[in-house]
Amino acid sequence: MSAGAAGPVAPVPVTVLTGFLGSGKTTLLNRLLRDPALRDTVVIVNEFGAVGLDHLLVERSSEGIVELSDGCICCTVRGDLVDTLADLVDRVQTGRLAPMRRVVIETTGLADPTPILASLMGHPVLVQHFALDGVVTLVDAQSGAVSLAERHEARRQVACADRLVLTKTDLAPETGALVHAIRHLNARAPLVAVAEAGPGDLFGCGLMDPATRRADIRRWLGEVDHAEDACADPHCGHDHSHAHRHDAHGAIRSLSLTHDAPMSRADAEGFLDLLVLRFGAGLLRLKAVVWTAEDAGRPLVLHGVRTYLHPPVRLSDWPAGEAPRTAFVLIGEGLDERVARDLLAAFAHAPRIDAPDRAALLDNPLSLSSRGF
Ligand SMILES: Nc1nc2c(ncn2[C@@H]2O[C@H](COP(=O)(O)OP(=O)(O)OP(=O)(O)O)[C@@H](O)[C@H]2O)c(=O)[nH]1
């Protein structure tokens with residue numbers, strides 16, 4: 001990608017796709033990637049959790065997907081992102097990868113996009129090869145208002161956006177108050193409903209300065225900070241100091257649980273129902289790929305966002321090279337790992353010796369904590 005006889009090669013546009021936990025990033029990306037306008041797009045998926053599931057859920061040959069796991073892209077794996085992009089350049093230059101037309105970085109739902117952009121655009125080599133196209137932020141109409149009120153990460157994602165997408169309006173069509181809250185944080189980015197969002201609405205944000213072919217990041221970050229400082233939300237507990245803003249995500253952690261034998265769909269769903277009951281509002285997100293006894297060749301995918309469990313979906317098969325197994329990823333605050341593991345053991349018919357089994361739990365789920373769960 002260096003200057004050749006035909007002149008300098010244009011930098012590859014990079015889109016950062018963000019949005020709070022479970023807002024619908026992977027779902028939208030899967031739809032967009034089917035559009036011919038997005039061929040030769042490389043997707044970098046970052047996941048907050050030790051067991052990576054998103055690479056299974058993005059419907060793409062593994063060629064075009066790079067997964068950054070077990071940490072959030074805006075803090076612990078930021079260096080990995082830089083290495084990954086540098087590696088992509090190397091692979092194109094050595095002919096091991098077809099030239100890319102675009103890179104989409106799907107962040108974790110907890111990511112603050114600004115440090116990602118700063119490390120990307122502040123890197124002396126990467127800026128020769130990549131240019132920021134824009135930040136696309138999804139807001140879930142069903143739980144977006146709560147997330148914006150409670151989580152500074154959600155507010156930051158909205159404040160940074162160049163394009164805003166409202167998802168799940170089919171589940172929550174009344175969006176007036178939410179749009180008002182969004183506009184308080186970001187008055188300028190075009191906002192589109194997910195059903196109408198195509199590549200032309202989301203890509204080509206025009207951030208790049210045609211003279212320097214670089215995004216004017218300094219001005220842009222300044223705008224974001226200004227938008228955040230304007231936050232007058234009484235629930236806003238966000239830290240306005242730069243020193244701590246990007247370090248961690250408070251008490252939020254992820255738990256990964258796996259099970260290496262098929263389990264019945266009813267057991268998997270029963271386990272998730274009791275998890276939701278036990279962890280309540282502390283549980284922000286759950287994802288599961290289940291190896292079911294009923295249909296062992298087709299993984300069952302389950303998604304929960306806060307206390308809402310989305311209808312399960314069957315994938316057509318296990319991705320090549322993936323041994324079937326069940327994996328659950330839970331993200332939230334105050335999640336007790338022992339409780340989650342004991343519950344799974346009970347539903348996988350291998351309860352801890354002194355713990356109640358599945359039948360006892362289902363019999364009286366409200367007694368969970370008095371039973372040691
Ligand atoms: N009804 C409805 N469901 C949606 C919509 N968008 C996404 N979903 C569902 O919401 C759940 C979560 O969607 P994902 O695309 O995995 O969300 P995500 O933002 O990638 O999740 P994280 O990576 O965990 O932050 C899935 O069950 C989707 O099918 C929508 O517009 N309407």
# chains A, B, ... in the order shown; residues from 1 in each chain; ligands from 1

$ residues_near_ligand --ligand "ligand 1" --cutoff "8 Å" --atoms "only C-alpha atoms and all ligand atoms" --output "JSON, numbers by chain"
{"A": [18, 19, 20, 21, 22, 23, 24, 25, 26, 27, 28, 29, 47, 54, 57, 106, 107, 108, 109, 110, 138, 140, 166, 167, 168, 169, 170, 171, 194, 195, 285, 286, 287, 302, 303, 304, 305, 309, 310, 311, 312, 313]}

$ residues_around --residues "A:Phe130" --least-positions-apart "6" --cutoff "9 Å" --atoms "only C-alpha atoms" --output "PyMOL selection string"
chain A and resi 10-14+85+103+120-121+214

$ atom_distance --atom1 "atom CA of A:Thr94" --atom2 "atom CA of A:Asn30"
28.7 Å

$ closest_residue --among "A:Ala193, A:Glu337, A:Ser147, A:Arg188" --to "A:Arg306" --atoms "only C-alpha atoms"
A:Ser147

$ residues_around --residues "A:Asp295" --least-positions-apart "6" --cutoff "12 Å" --atoms "only C-alpha atoms" --output "PyMOL selection string"
chain A and resi 262-265+314-318+324

$ write_last_selection --atoms "C-alpha atoms" --output "compact mmCIF listing (two decimals), in the first residue's frame"
# COMPACT_ATOMS: atom_id res chain seq x y z
CA PRO A 262 -25.31 -31.82 24.68
CA MET A 263 -28.06 -30.43 26.91
CA SER A 264 -31.76 -30.19 26.23
CA ARG A 265 -33.13 -26.90 24.99
CA ARG A 314 -30.90 -21.97 15.18
CA LEU A 315 -27.75 -21.65 13.09
CA SER A 316 -27.58 -23.97 10.08
CA ASP A 317 -24.45 -25.76 11.30
CA TRP A 318 -21.35 -25.46 13.44
CA PRO A 324 -19.69 -28.56 19.26

$ closest_residue --among "A:Glu174, A:Leu255, A:Ala350, A:Asn364" --to "A:Leu335" --atoms "only C-alpha atoms"
A:Leu255

$ closest_residue --among "A:Val179, A:Leu164, A:Ala86, A:Val45" --to "A:Ala197" --atoms "only C-alpha atoms"
A:Leu164

$ residues_around --residues "stretch 256-260 of chain A" --least-positions-apart "4" --cutoff "10 Å" --atoms "only C-alpha atoms" --output "PyMOL selection string"
chain A and resi 49-52+286-291+323-331+337+340-341+344-345+348

$ residues_around --residues "A:Leu148" --least-positions-apart "2" --cutoff "10 Å" --atoms "only C-alpha atoms" --output "mmCIF file with N, CA and C atoms, in the first residue's frame"
data_model
loop_
_atom_site.group_PDB
_atom_site.id
_atom_site.type_symbol
_atom_site.label_atom_id
_atom_site.label_comp_id
_atom_site.auth_asym_id
_atom_site.auth_seq_id
_atom_site.Cartn_x
_atom_site.Cartn_y
_atom_site.Cartn_z
ATOM 1 N N PHE A 20 -24.524 0.109 22.975
ATOM 2 C CA PHE A 20 -24.450 -0.569 24.273
ATOM 3 C C PHE A 20 -24.747 -2.067 24.115
ATOM 4 N N VAL A 139 -28.621 2.475 19.145
ATOM 5 C CA VAL A 139 -29.327 2.634 20.418
ATOM 6 C C VAL A 139 -30.578 1.769 20.347
ATOM 7 N N SER A 143 -34.241 -0.879 25.542
ATOM 8 C CA SER A 143 -33.540 -0.645 26.811
ATOM 9 C C SER A 143 -32.569 0.536 26.743
ATOM 10 N N GLY A 144 -32.594 1.268 25.633
ATOM 11 C CA GLY A 144 -31.647 2.374 25.457
ATOM 12 C C GLY A 144 -31.804 3.466 26.494
ATOM 13 N N ALA A 145 -33.042 3.781 26.881
ATOM 14 C CA ALA A 145 -33.242 4.886 27.825
ATOM 15 C C ALA A 145 -32.597 4.556 29.175
ATOM 16 N N VAL A 146 -32.762 3.313 29.624
ATOM 17 C CA VAL A 146 -32.158 2.903 30.900
ATOM 18 C C VAL A 146 -30.637 2.924 30.773
ATOM 19 N N GLU A 150 -28.118 5.150 33.015
ATOM 20 C CA GLU A 150 -27.273 4.497 34.017
ATOM 21 C C GLU A 150 -25.804 4.383 33.643
ATOM 22 N N ARG A 151 -25.514 4.344 32.350
ATOM 23 C CA ARG A 151 -24.157 3.965 31.969
ATOM 24 C C ARG A 151 -23.454 5.057 31.176
ATOM 25 N N HIS A 152 -22.307 5.486 31.703
ATOM 26 C CA HIS A 152 -21.575 6.537 30.991
ATOM 27 C C HIS A 152 -21.050 6.033 29.655
ATOM 28 N N GLU A 153 -20.785 4.707 29.549
ATOM 29 C CA GLU A 153 -20.297 4.183 28.267
ATOM 30 C C GLU A 153 -21.343 4.410 27.175
ATOM 31 N N ALA A 154 -22.618 4.192 27.541
ATOM 32 C CA ALA A 154 -23.690 4.364 26.550
ATOM 33 C C ALA A 154 -23.775 5.829 26.118
ATOM 34 N N ARG A 155 -23.618 6.727 27.071
ATOM 35 C CA ARG A 155 -23.685 8.167 26.717
ATOM 36 C C ARG A 155 -22.518 8.569 25.834
ATOM 37 N N ARG A 156 -21.359 8.037 26.140
ATOM 38 C CA ARG A 156 -20.160 8.357 25.357
ATOM 39 C C ARG A 156 -20.339 7.876 23.913
ATOM 40 N N GLN A 157 -20.874 6.679 23.775
ATOM 41 C CA GLN A 157 -21.068 6.129 22.426
ATOM 42 C C GLN A 157 -21.985 7.019 21.599
ATOM 43 N N VAL A 158 -23.029 7.525 22.229
ATOM 44 C CA VAL A 158 -23.962 8.400 21.509
ATOM 45 C C VAL A 158 -23.303 9.742 21.207
ATOM 46 N N LEU A 178 -36.806 8.755 24.155
ATOM 47 C CA LEU A 178 -35.449 8.271 23.882
ATOM 48 C C LEU A 178 -34.739 9.190 22.888
ATOM 49 N N ALA A 181 -33.525 12.201 24.605
ATOM 50 C CA ALA A 181 -32.299 11.948 25.395
ATOM 51 C C ALA A 181 -31.087 11.846 24.475
ATOM 52 N N ILE A 182 -31.274 11.214 23.331
ATOM 53 C CA ILE A 182 -30.164 11.076 22.372
ATOM 54 C C ILE A 182 -29.751 12.450 21.858
ATOM 55 N N LEU A 185 -27.495 14.556 23.905
ATOM 56 C CA LEU A 185 -26.079 14.196 23.871
ATOM 57 C C LEU A 185 -25.442 14.464 22.521
ATOM 58 N N ASP A 233 -28.114 15.002 32.881
ATOM 59 C CA ASP A 233 -28.917 13.906 33.389
ATOM 60 C C ASP A 233 -28.711 13.756 34.896
ATOM 61 N N HIS A 235 -29.182 11.322 36.696
ATOM 62 C CA HIS A 235 -28.635 10.006 37.040
ATOM 63 C C HIS A 235 -27.172 9.883 36.636
ATOM 64 N N CYS A 236 -26.690 10.926 35.957
ATOM 65 C CA CYS A 236 -25.361 10.807 35.367
ATOM 66 C C CYS A 236 -24.307 10.719 36.453
#

$ closest_residue --among "A:Ala159, A:Leu284, A:Ala149, A:Val165" --to "A:Arg183" --atoms "only C-alpha atoms"
A:Ala159

$ atom_distance --atom1 "atom CA of A:Glu269" --atom2 "atom CA of A:Ala172"
23.7 Å

$ closest_residue --among "A:Val192, A:Cys160, A:Ala359, A:Leu300" --to "A:Pro115" --atoms "only C-alpha atoms"
A:Cys160

$ atom_distance --atom1 "atom CA of A:Phe347" --atom2 "atom CA of A:Phe279"
16.7 Å
